[in-house]
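File shown here: data_20.cif, holding mmCIF, C-alpha atoms.
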data_query
loop_
_atom_site.label_atom_id
_atom_site.label_comp_id
_atom_site.auth_asym_id
_atom_site.auth_seq_id
_atom_site.Cartn_x
_atom_site.Cartn_y
_atom_site.Cartn_z
CA MET A 640 -21.08 96.69 -28.42
CA SER A 641 -23.27 93.61 -28.21
CA VAL A 642 -24.25 91.35 -25.35
CA PRO A 643 -22.14 88.32 -26.44
CA THR A 644 -18.99 90.43 -25.83
CA ALA A 645 -20.27 91.13 -22.34
CA GLU A 646 -20.77 87.41 -21.81
CA VAL A 647 -17.22 86.65 -22.93
CA HIS A 648 -15.96 89.21 -20.47
CA GLN A 649 -18.07 87.68 -17.73
CA PHE A 650 -16.35 84.34 -18.32
CA ALA A 651 -12.97 86.04 -17.97
CA ALA A 652 -13.98 87.57 -14.64
CA ILE A 653 -15.23 84.19 -13.40
CA GLY A 654 -12.02 82.55 -14.60
CA ARG A 655 -10.02 84.82 -12.32
CA LEU A 656 -12.25 83.89 -9.42
CA LEU A 657 -12.13 80.14 -10.08
CA ALA A 658 -8.77 79.57 -8.39
CA GLY A 659 -10.13 81.17 -5.23
CA ILE A 660 -13.32 79.16 -5.45
CA VAL A 661 -11.40 75.88 -5.85
CA HIS A 662 -9.50 76.70 -2.69
CA GLU A 663 -12.67 77.71 -0.88
CA ILE A 664 -14.30 74.36 -1.70
CA ASN A 665 -11.23 72.16 -1.15
CA THR A 666 -11.01 72.96 2.55
CA PRO A 667 -14.54 71.81 3.47
CA ILE A 668 -14.22 68.80 1.13
CA GLY A 669 -11.00 67.80 2.90
CA SER A 670 -12.82 68.02 6.22
CA ILE A 671 -15.82 65.99 5.05
CA PHE A 672 -13.58 63.24 3.61
CA SER A 673 -11.57 63.01 6.79
CA ASN A 674 -14.63 63.09 9.07
CA THR A 675 -16.40 60.38 7.09
CA ASP A 676 -13.30 58.20 7.46
CA VAL A 677 -13.18 58.75 11.20
CA ILE A 678 -16.91 58.20 11.67
CA LEU A 679 -16.80 54.90 9.72
CA ARG A 680 -13.81 53.66 11.73
CA SER A 681 -15.50 54.74 14.95
CA LEU A 682 -18.69 52.86 14.09
CA GLU A 683 -16.60 49.70 13.55
CA MET A 684 -15.17 50.14 17.03
CA LEU A 685 -18.59 50.59 18.64
CA ASP A 686 -19.96 47.06 18.17
CA PRO A 687 -17.21 45.22 20.06
CA LEU A 688 -17.28 47.85 22.83
CA LEU A 689 -21.03 47.44 23.30
CA ALA A 690 -20.69 43.64 23.22
CA GLU A 691 -18.00 43.84 25.91
CA ASN A 692 -20.54 45.70 28.08
CA THR A 693 -18.20 46.75 30.91
CA PRO A 694 -18.32 50.23 32.52
CA GLU A 695 -14.97 51.04 30.84
CA SER A 696 -16.02 49.85 27.39
CA LEU A 697 -19.34 51.70 27.64
CA ALA A 698 -17.57 54.92 28.71
CA LYS A 699 -15.27 54.58 25.71
CA ALA A 700 -18.26 53.96 23.44
CA ARG A 701 -19.89 57.13 24.77
CA ARG A 702 -16.75 59.14 23.99
CA ILE A 703 -16.72 57.76 20.46
CA VAL A 704 -20.37 58.71 19.96
CA GLU A 705 -19.62 62.24 21.20
CA THR A 706 -16.71 62.57 18.76
CA CYS A 707 -18.96 61.41 15.90
CA HIS A 708 -21.59 64.00 16.88
CA GLY A 709 -18.97 66.72 16.79
CA LEU A 710 -17.68 65.61 13.39
CA ALA A 711 -21.19 65.43 11.91
CA ALA A 712 -21.72 69.04 13.07
CA VAL A 713 -18.50 70.05 11.29
CA ASP A 714 -19.69 68.23 8.14
CA ARG A 715 -22.85 70.29 8.23
CA ILE A 716 -20.91 73.56 8.39
CA ALA A 717 -18.63 72.31 5.60
CA CYS A 718 -21.62 71.45 3.34
CA GLU A 719 -23.16 74.85 4.12
CA ARG A 720 -19.94 76.52 2.95
CA ILE A 721 -19.87 74.58 -0.31
CA ARG A 722 -23.55 75.31 -0.91
CA SER A 723 -23.10 79.04 -0.48
CA VAL A 724 -20.25 79.10 -3.01
CA ILE A 725 -22.32 77.07 -5.49
CA ARG A 726 -25.29 79.39 -4.96
CA GLY A 727 -23.13 82.36 -5.89
CA LEU A 728 -21.95 80.54 -9.03
CA LYS A 729 -25.52 79.69 -10.04
CA THR A 730 -26.61 83.31 -9.73
CA ILE A 731 -23.79 84.50 -11.91
CA SER A 732 -24.22 81.80 -14.58
CA ARG A 733 -27.94 82.34 -15.19
CA VAL A 734 -28.80 84.18 -18.39
CA ASP A 735 -31.27 87.06 -18.60
CA THR A 736 -34.38 86.44 -20.65
CA GLY A 737 -35.80 89.14 -22.88
CA GLU A 738 -37.96 91.00 -20.33
CA PRO A 739 -36.70 92.87 -17.26
CA ARG A 740 -37.53 91.24 -13.91
CA LYS A 741 -38.31 92.73 -10.51
CA VAL A 742 -35.63 91.74 -8.00
CA ASN A 743 -34.10 92.74 -4.70
CA LEU A 744 -30.63 93.95 -5.58
CA ASN A 745 -29.36 93.43 -1.99
CA GLU A 746 -29.79 89.66 -2.48
CA HIS A 747 -27.93 89.76 -5.77
CA LEU A 748 -25.09 91.75 -4.23
CA ARG A 749 -24.88 89.20 -1.40
CA ASP A 750 -24.60 86.32 -3.88
CA THR A 751 -21.94 88.10 -5.91
CA LEU A 752 -20.01 88.85 -2.71
CA LYS A 753 -20.03 85.12 -1.90
CA LEU A 754 -18.04 84.53 -5.08
CA THR A 755 -15.49 87.23 -4.41
CA GLN A 756 -15.16 86.23 -0.76
CA ALA A 757 -13.40 83.07 -1.89
CA GLU A 758 -10.67 85.30 -3.25
CA PHE A 759 -10.80 88.10 -0.66
CA ARG A 760 -11.37 86.13 2.53
CA LYS A 761 -7.98 86.38 4.14
CA ARG A 762 -6.78 89.60 2.53
CA ILE A 763 -9.70 91.97 2.28
CA THR A 764 -12.43 92.84 4.76
CA VAL A 765 -15.78 93.51 3.11
CA ASP A 766 -18.16 95.84 4.98
CA THR A 767 -21.75 95.81 3.82
CA ASP A 768 -24.33 98.46 4.64
CA PHE A 769 -27.56 97.46 2.88
CA GLY A 770 -30.54 99.82 3.15
CA ASP A 771 -34.17 98.78 2.56
CA LEU A 772 -34.57 98.63 -1.19
CA PRO A 773 -37.72 98.49 -3.30
CA GLU A 774 -37.77 95.73 -5.92
CA VAL A 775 -35.97 97.02 -8.99
CA GLU A 776 -37.13 96.29 -12.52
CA CYS A 777 -33.94 95.25 -14.30
CA TYR A 778 -31.81 92.62 -16.03
CA PRO A 779 -30.40 91.08 -12.86
CA GLN A 780 -27.66 88.95 -14.44
CA MET A 781 -26.26 91.92 -16.30
CA LEU A 782 -26.18 93.90 -13.07
CA ASN A 783 -24.53 90.96 -11.25
CA GLN A 784 -21.87 91.08 -13.91
CA VAL A 785 -21.29 94.79 -13.25
CA PHE A 786 -21.10 94.18 -9.49
CA LEU A 787 -18.68 91.29 -9.98
CA ASN A 788 -16.50 93.43 -12.21
CA LEU A 789 -16.38 96.35 -9.81
CA LEU A 790 -15.64 94.03 -6.87
CA VAL A 791 -12.85 92.21 -8.71
CA ASN A 792 -11.38 95.58 -9.77
CA ALA A 793 -11.62 96.85 -6.20
CA GLY A 794 -9.82 93.74 -4.95
CA GLN A 795 -7.08 94.12 -7.56
CA ALA A 796 -6.61 97.79 -6.63
CA ILE A 797 -5.71 96.75 -3.08
CA GLU A 798 -2.14 95.61 -2.52
CA GLY A 799 -1.86 93.43 0.57
CA GLU A 800 -4.60 93.90 3.13
CA GLY A 801 -7.46 96.38 2.79
CA ARG A 802 -11.17 97.06 2.92
CA ILE A 803 -14.05 97.12 0.49
CA ALA A 804 -17.34 98.77 1.45
CA VAL A 805 -20.63 98.00 -0.33
CA ARG A 806 -23.54 100.30 0.43
CA THR A 807 -27.09 100.40 -0.93
CA ARG A 808 -29.77 103.06 -0.47
CA ALA A 809 -33.22 103.78 -1.90
CA GLU A 810 -33.14 107.31 -3.39
CA ASP A 811 -36.51 107.59 -5.11
CA PRO A 812 -36.83 107.13 -8.08
CA TYR A 813 -33.42 105.40 -8.03
CA VAL A 814 -31.59 102.75 -6.12
CA HIS A 815 -28.05 103.88 -5.29
CA ILE A 816 -25.27 101.28 -4.96
CA SER A 817 -21.75 102.30 -4.03
CA ILE A 818 -18.63 100.13 -3.98
CA SER A 819 -15.54 101.62 -2.31
CA ASP A 820 -12.05 100.25 -1.95
CA SER A 821 -9.05 101.32 0.12
CA GLY A 822 -6.79 100.60 -2.87
CA ARG A 823 -4.19 102.59 -4.74
CA GLY A 824 -6.67 104.97 -6.44
CA MET A 825 -6.30 106.51 -9.88
CA THR A 826 -4.24 109.34 -11.33
CA PRO A 827 -6.07 112.14 -13.26
CA GLU A 828 -4.86 110.55 -16.56
CA GLN A 829 -6.27 107.16 -15.57
CA LYS A 830 -9.54 108.73 -14.40
CA ALA A 831 -10.08 110.34 -17.80
CA LYS A 832 -9.83 106.98 -19.58
CA VAL A 833 -11.59 104.66 -17.13
CA PHE A 834 -14.66 103.95 -19.26
CA GLU A 835 -12.76 103.69 -22.56
CA ALA A 836 -12.93 100.26 -24.16
CA GLY A 837 -9.46 98.69 -24.16
CA PHE A 838 -8.00 100.89 -21.40
CA THR A 839 -6.40 98.90 -18.60
CA THR A 840 -3.66 99.37 -16.01
CA LYS A 841 -3.39 95.61 -15.46
CA PRO A 842 -0.75 93.29 -16.93
CA VAL A 843 -1.63 91.33 -20.07
CA GLY A 844 -3.81 88.38 -19.16
CA GLU A 845 -5.25 89.97 -16.02
CA GLY A 846 -7.47 92.60 -17.53
CA THR A 847 -9.16 92.96 -20.90
CA GLY A 848 -9.81 96.67 -20.46
CA MET A 849 -13.44 95.95 -21.33
CA GLY A 850 -14.97 95.61 -17.85
CA LEU A 851 -15.91 99.21 -17.15
CA ALA A 852 -16.84 99.98 -20.75
CA ILE A 853 -19.30 97.10 -20.57
CA ALA A 854 -20.45 98.17 -17.10
CA ARG A 855 -21.29 101.62 -18.42
CA GLU A 856 -23.15 100.16 -21.37
CA ILE A 857 -25.19 97.90 -19.09
CA ILE A 858 -26.03 100.64 -16.59
CA GLU A 859 -26.67 103.53 -18.98
CA GLU A 860 -27.90 101.90 -22.21
CA LYS A 861 -29.72 98.86 -20.84
CA HIS A 862 -31.12 100.37 -17.65
CA GLY A 863 -31.21 104.15 -18.15
CA GLY A 864 -29.13 104.57 -15.00
CA SER A 865 -25.83 106.25 -14.24
CA ILE A 866 -22.35 105.15 -13.20
CA ASP A 867 -19.64 107.50 -11.94
CA PHE A 868 -16.75 107.44 -9.47
CA GLU A 869 -14.42 109.39 -7.22
CA SER A 870 -10.80 108.39 -6.82
CA SER A 871 -7.61 109.77 -5.33
CA PRO A 872 -4.18 108.13 -5.47
CA GLY A 873 -3.32 106.43 -2.20
CA VAL A 874 -6.83 106.84 -0.75
CA GLY A 875 -8.99 104.60 -2.91
CA THR A 876 -11.86 104.58 -5.34
CA THR A 877 -15.64 104.67 -4.95
CA PHE A 878 -18.02 103.75 -7.77
CA HIS A 879 -21.62 105.00 -7.64
CA ILE A 880 -24.33 103.25 -9.59
CA ARG A 881 -27.88 104.56 -9.81
CA ILE A 882 -30.58 102.34 -11.32
CA PRO A 883 -34.16 103.57 -11.84
CA VAL A 884 -36.62 101.47 -9.82
CA ARG A 885 -39.00 101.26 -12.80
CA GLN A 886 -38.15 101.00 -16.45
CA THR A 887 -40.40 103.74 -17.90
CA ARG A 888 -38.55 103.83 -21.20
CA SER A 889 -38.08 101.14 -23.77
CA VAL A 890 -35.01 99.38 -22.43
CA GLY A 891 -32.49 97.08 -23.99
CA LYS A 892 -32.61 98.72 -27.40
CA MET B 483 8.16 52.23 15.18
CA THR B 484 8.46 53.63 18.67
CA GLN B 485 6.05 56.43 19.46
CA ASN B 486 8.15 58.04 22.14
CA GLY B 487 9.60 61.47 21.58
CA GLN B 488 12.16 63.24 23.69
CA ASN B 489 12.29 62.53 27.44
CA GLY B 490 10.09 59.48 26.88
CA ASN B 491 7.04 61.72 26.29
CA LYS B 492 4.48 61.21 23.56
CA PRO B 493 5.36 63.01 20.31
CA THR B 494 3.65 66.40 20.04
CA ILE B 495 1.95 67.27 16.76
CA MET B 496 1.01 70.89 16.08
CA ILE B 497 -1.84 71.61 13.62
CA VAL B 498 -2.19 75.24 12.48
CA ASP B 499 -5.02 76.39 10.22
CA ASP B 500 -7.23 79.48 10.45
CA GLU B 501 -10.15 77.17 9.61
CA GLU B 502 -11.47 75.59 12.79
CA MET B 503 -13.02 72.74 10.77
CA VAL B 504 -9.65 71.56 9.48
CA ILE B 505 -8.26 71.39 13.01
CA THR B 506 -11.31 69.53 14.31
CA SER B 507 -11.13 66.95 11.52
CA VAL B 508 -7.38 66.36 11.59
CA LYS B 509 -7.34 66.22 15.39
CA ALA B 510 -10.18 63.68 15.55
CA PHE B 511 -8.44 61.52 12.96
CA LEU B 512 -4.98 61.60 14.55
CA GLN B 513 -6.42 60.97 18.02
CA LEU B 514 -8.18 57.89 16.66
CA GLU B 515 -5.10 56.53 14.89
CA THR B 516 -2.22 57.52 17.21
CA ASP B 517 -1.48 58.18 20.87
CA TYR B 518 0.29 61.43 20.00
CA GLU B 519 -0.34 64.71 21.78
CA ILE B 520 -2.25 66.85 19.25
CA ARG B 521 -2.31 70.64 19.65
CA GLY B 522 -4.49 72.75 17.30
CA PHE B 523 -4.11 76.50 16.67
CA THR B 524 -6.24 78.83 14.52
CA ASP B 525 -3.86 81.72 15.26
CA PRO B 526 -0.33 81.28 13.82
CA GLU B 527 1.10 83.73 16.37
CA GLU B 528 -0.17 81.58 19.23
CA ALA B 529 1.31 78.54 17.50
CA ALA B 530 4.71 80.27 17.22
CA THR B 531 4.60 81.18 20.92
CA PHE B 532 3.75 77.57 21.79
CA ALA B 533 6.74 76.30 19.79
CA GLN B 534 9.04 78.72 21.68
CA SER B 535 8.49 76.98 25.00
CA ASN B 536 7.22 73.48 24.16
CA SER B 537 8.74 70.52 22.41
CA VAL B 538 7.19 69.97 18.96
CA ASP B 539 7.86 66.87 16.83
CA VAL B 540 5.74 67.65 13.77
CA ALA B 541 4.32 71.04 12.76
CA VAL B 542 1.52 70.90 10.14
CA SER B 543 0.52 74.33 8.86
CA ASP B 544 -1.84 75.91 6.34
CA TYR B 545 -0.22 78.44 3.98
CA LEU B 546 -2.59 81.41 3.65
CA MET B 547 -3.50 82.73 7.10
CA PRO B 548 -4.07 86.20 8.51
CA LYS B 549 -1.14 87.82 10.38
CA MET B 550 1.47 85.28 9.26
CA ASN B 551 1.68 82.79 6.38
CA GLY B 552 2.59 79.13 6.82
CA ILE B 553 6.18 79.57 5.59
CA GLN B 554 6.79 82.41 8.07
CA LEU B 555 5.34 80.30 10.86
CA LEU B 556 7.36 77.21 9.94
CA ALA B 557 10.51 79.36 9.81
CA LYS B 558 9.82 80.39 13.42
CA VAL B 559 9.19 76.76 14.38
CA LYS B 560 12.46 75.79 12.70
CA GLN B 561 14.31 78.38 14.76
CA ALA B 562 12.73 77.28 18.04
CA GLN B 563 12.59 73.53 17.32
CA PRO B 564 15.20 72.65 14.69
CA GLU B 565 14.44 68.91 14.96
CA ALA B 566 10.69 69.28 14.32
CA SER B 567 9.44 67.97 10.94
CA ARG B 568 7.72 70.77 9.03
CA VAL B 569 4.68 70.02 6.87
CA LEU B 570 2.63 72.40 4.71
CA LEU B 571 -1.04 71.45 4.23
CA THR B 572 -2.45 73.85 1.70
CA GLY B 573 -5.12 74.57 -0.92
CA HIS B 574 -4.36 74.40 -4.63
CA ALA B 575 -4.51 78.18 -5.12
CA ASP B 576 -1.52 78.68 -2.83
CA LYS B 577 0.70 76.13 -4.58
CA GLN B 578 2.78 78.48 -6.68
CA SER B 579 3.87 80.77 -3.88
CA ALA B 580 4.21 77.85 -1.49
CA ILE B 581 6.61 75.95 -3.74
CA GLN B 582 8.74 79.07 -4.19
CA ALA B 583 9.08 79.34 -0.45
CA ILE B 584 9.59 75.64 0.32
CA ASN B 585 13.37 75.86 0.26
CA GLN B 586 13.39 78.62 2.85
CA VAL B 587 12.25 76.32 5.65
CA ALA B 588 13.49 72.89 4.44
CA LEU B 589 10.02 71.42 4.31
CA PHE B 590 9.59 67.75 5.26
CA GLN B 591 6.39 67.27 3.25
CA TYR B 592 3.91 69.24 1.15
CA LEU B 593 0.27 68.10 1.32
CA GLU B 594 -2.63 69.43 -0.71
CA LYS B 595 -6.23 69.98 0.33
CA PRO B 596 -8.45 68.02 0.12
CA TRP B 597 -5.99 65.80 1.96
CA ASP B 598 -5.95 62.00 2.11
CA ASN B 599 -6.08 60.68 5.67
CA ALA B 600 -3.89 57.63 5.00
CA GLN B 601 -1.21 59.86 3.48
CA LEU B 602 -1.51 62.41 6.28
CA LEU B 603 -1.06 59.66 8.87
CA LEU B 604 2.02 58.33 7.10
CA VAL B 605 3.55 61.81 6.89
CA VAL B 606 2.84 62.57 10.55
CA GLN B 607 4.19 59.19 11.73
CA SER B 608 7.34 59.36 9.66
CA GLY B 609 7.74 63.04 10.63
CA ALA B 610 7.55 62.14 14.32
CA GLU B 611 10.01 59.27 13.84
CA ARG B 612 12.39 61.56 11.95
CA ALA B 613 12.23 64.16 14.75
CA ARG B 614 13.01 61.43 17.31
CA LEU B 615 15.99 60.19 15.31
CA PHE B 616 17.30 63.75 14.97
CA ARG B 617 17.01 64.26 18.72
CA ASP B 618 18.77 60.93 19.43
CA LEU B 619 21.49 61.88 16.99
CA LYS B 620 21.88 65.29 18.61
CA GLU B 621 22.17 63.66 22.05
CA LYS B 622 24.80 61.23 20.76
CA VAL B 623 26.77 64.01 19.09
CA GLU B 624 26.65 65.96 22.34
CA ALA B 625 27.77 62.85 24.29
CA LEU B 626 30.61 62.42 21.80
CA ASP B 627 31.57 66.08 22.20
CA THR B 628 31.65 65.72 25.97
CA ALA B 629 33.69 62.52 25.74
CA ASN B 630 36.02 64.18 23.27
CA SER B 631 36.63 67.23 25.45
CA SER B 632 37.27 65.09 28.56
CA LEU B 633 39.69 63.00 26.49
CA LYS B 634 41.46 66.18 25.50
CA THR B 635 41.67 67.26 29.13
CA VAL B 636 43.14 63.90 30.09
CA GLN B 637 45.56 64.13 27.18
CA ARG B 638 46.61 67.64 28.23
CA ARG B 639 47.18 66.49 31.80
CA LEU B 640 49.19 63.49 30.60
CA ILE B 641 51.34 65.72 28.43
CA GLN B 642 51.78 68.16 31.31
CA ALA B 643 52.72 65.26 33.66
CA PHE B 644 55.42 63.99 31.31
CA LEU B 645 56.92 67.35 30.43
#

Could you show the structure in this file as structure tokens?
Amino acid sequence: MSVPTAEVHQFAAIGRLLAGIVHEINTPIGSIFSNTDVILRSLEMLDPLLAENTPESLAKARRIVETCHGLAAVDRIACERIRSVIRGLKTISRVDTGEPRKVNLNEHLRDTLKLTQAEFRKRITVDTDFGDLPEVECYPQMLNQVFLNLLVNAGQAIEGEGRIAVRTRAEDPYVHISISDSGRGMTPEQKAKVFEAGFTTKPVGEGTGMGLAIAREIIEEKHGGSIDFESSPGVGTTFHIRIPVRQTRSVGK
Amino acid sequence: MTQNGQNGNKPTIMIVDDEEMVITSVKAFLQLETDYEIRGFTDPEEAATFAQSNSVDVAVSDYLMPKMNGIQLLAKVKQAQPEASRVLLTGHADKQSAIQAINQVALFQYLEKPWDNAQLLLVVQSGAERARLFRDLKEKVEALDTANSSLKTVQRRLIQAFL
């Protein structure tokens, strides 16, 4: 299986997240639009009030200025929200160059979580427990893609409300990342086929059945790491990924 | 357009969204443009409790919220305040499920985020006016009912007197 296939799959995963992202951005944009309107109207009202120069008009002017301050503060929070979503998108859309890079995987997990949060926010609580990690020599975008896939899967495994836990630990010479969900879990038959290309439990159009096959290729073939899982029906699923801190072998071949 | 609701009070507008920023923005805007009483709630359950014991003219609610979605909330508002105009203000991603549920609560208006202030104002003003007209109508129907039943009493007495 070649990398272009992985890229196509990545687009599919992002496509599923886009609806959530649109919603996540529309709320702060609505606020900023409205606040700008109000601030402009308020500024128009200020001049005549100051010109009037009576205690009442000045008190009213002060109230207007206070309101504008409050709205500007909201605008700031709104812009912050949009920026964090865009930052997540940027991370995911970058392409790996030929050589592995040294990165902090906690930061990459945080960025990927920002993307999924748009979809999970009101339904799923995400608990993170990030240990101190050494910088890992890897293809970060490929790993982001694996994280995104596992997180989207975890979210889809949960019907209604639930929890996802993301944990990282340094376990020399590996970094250990685990992603758990409180979802429906897998039957023994499903467990046996999880990493098979084309196997999916999702309706047509929601899953390509390629995600975990590609994840395994990226972790094992490209990074010399390991990916495995535990799962019981009704309890949930935990995926464990171990990536060597240094690439001692010739990777990517 | 008169801006007086029932009992000569200002119309009460309820804004419900789990995002504080939406409430802050909408509240600031409506306070600038109207003399309505604006009440904001980030918790739909609190909003439902408020509607149980307070007069509400227009209820504007987000769709996706923890604990209770906007349709469930507006259904509760409808039960407690049948005359209130119900408005859904929601993000694009919720549209499909929202439209399916619209008929359940006889929605007055559906607005999408990012919302347009001029449109929001129009919806809130006409919603408040509609609620006032409904209340007036209800009062008149009640007055008619009372008049009708006293007429019937008089009629019964007349009949009894002549028989």

### Task
Apply the PyMOL selection byres ((chain A) within 6 of (chain B)) to the displayed file and report the matching residues as a ChimeraX atom specification.
/A:658,662,665,668-670,674,677,761

If we count all atoms listed in the file and set the cut-off at 8 Å, which residues sit around Ile797 in chain A, ignoring sequence neighbours fewer than 4 positions away in its own chain? Please answer as a compact mmCIF listing (two decimals) with C-alpha atoms, in the coordinates of the input.
# COMPACT_ATOMS: atom_id res chain seq x y z
CA ALA A 793 -11.62 96.85 -6.20
CA GLY A 801 -7.46 96.38 2.79
CA ASP A 820 -12.05 100.25 -1.95
CA SER A 821 -9.05 101.32 0.12
CA GLY A 822 -6.79 100.60 -2.87
CA ARG A 823 -4.19 102.59 -4.74

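Compared by their closest atoms to Gly727 in chain A, and using only C-alpha atoms, the residues A:Val765, A:Val742, A:Leu657, A:Leu772 rank with A:Leu657 nearest.
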
### Message
List as a list in words the protein and nucleic acid residues near range 620-629 of chain B, meaning an atom at most 12 Å away when all atoms listed in the file are counted, but skip any in the same chain fewer than 5 places from it.
### Response
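After dropping sequence-adjacent residues, the list is Gln488, Asn489, Pro564, Glu565, Ala613, Arg614, Leu615, Lys634, Thr635 and Val636 of chain B.
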
#### Entry: Reference answer for the PyMOL selection byres ((chain B and resi 555) around 8), as a ChimeraX atom specification
/B:526-527,529-530,543,550-554,556-559

### Query
What does the distance from CA of Ala796 in chain A to CA of Ile818 in chain A come to in Å, to one decimal?
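Separating CA of Ala796 in chain A from CA of Ile818 in chain A is a distance of 12.5 Å.
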
### Query
When the PyMOL selection byres ((chain A and resi 828) around 12) is applied to the file above, which residues end up in the set, as a list in words?
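Selection result, ordered by chain and number: Gly824, Met825, Thr826, Pro827, Gln829, Lys830, Ala831, Lys832, Val833, Phe838, Thr839, Thr840, Ser870, Ser871 and Pro872 of chain A.
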
#### Entry: Selected residue, from A:His815, A:Arg885, A:Arg855, A:His747, that lies nearest to Val775 in chain A when counting only C-alpha atoms
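Nearest to Val775 in chain A: A:Arg885.
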
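Rounded to one decimal, CA of Arg760 in chain A and CA of Val785 in chain A lie 20.6 Å from each other.
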
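Between CA of Gln561 in chain B and CA of Asn491 in chain B lies a distance of 21.5 Å.
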
### Task
Taking (-35.2, 104.3, -19.2) in the file's own coordinates, collect the residues within 12 Å, counting only C-alpha atoms, and hand them back as a PyMOL selection string.
chain A and resi 739+776-777+812-813+857-865+881-892

### Query
Hey, what's within 10 Å of range 609-612 of chain B if we count all atoms listed in the file and toss same-chain stuff fewer than 2 positions away? As a ChimeraX atom specification, please?
/B:483-487,492-495,518,538-541,565-569,590-591,603-607,614-618

### Message
My list of candidates is A:Leu689, A:Ile703, A:Leu744, A:Leu697. Which is closest to Phe769 in chain A when distances are computed with only C-alpha atoms?
### Response
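Residue with the minimum atom-to-atom distance to Phe769 in chain A: A:Leu744.
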
Edge lengths and centre, in Å to one decimal, as lines of an AutoDock Vina configuration file: that's what I need for the box along x, y and z that holds all listed atoms of range 865-875 of chain A plus 4 Å on each side.
center_x = -14.6
center_y = 107.2
center_z = -7.5
size_x = 30.5
size_y = 13.2
size_z = 21.5

### Task
With a distance cut-off of 8 Å and only C-alpha atoms, select the neighbouring residues of Ile660 in chain A, excluding the residue or stretch itself and same-chain residues fewer than 2 positions from it, and output the selection as a ChimeraX atom specification.
/A:656-658,662-664,724,754,757-758
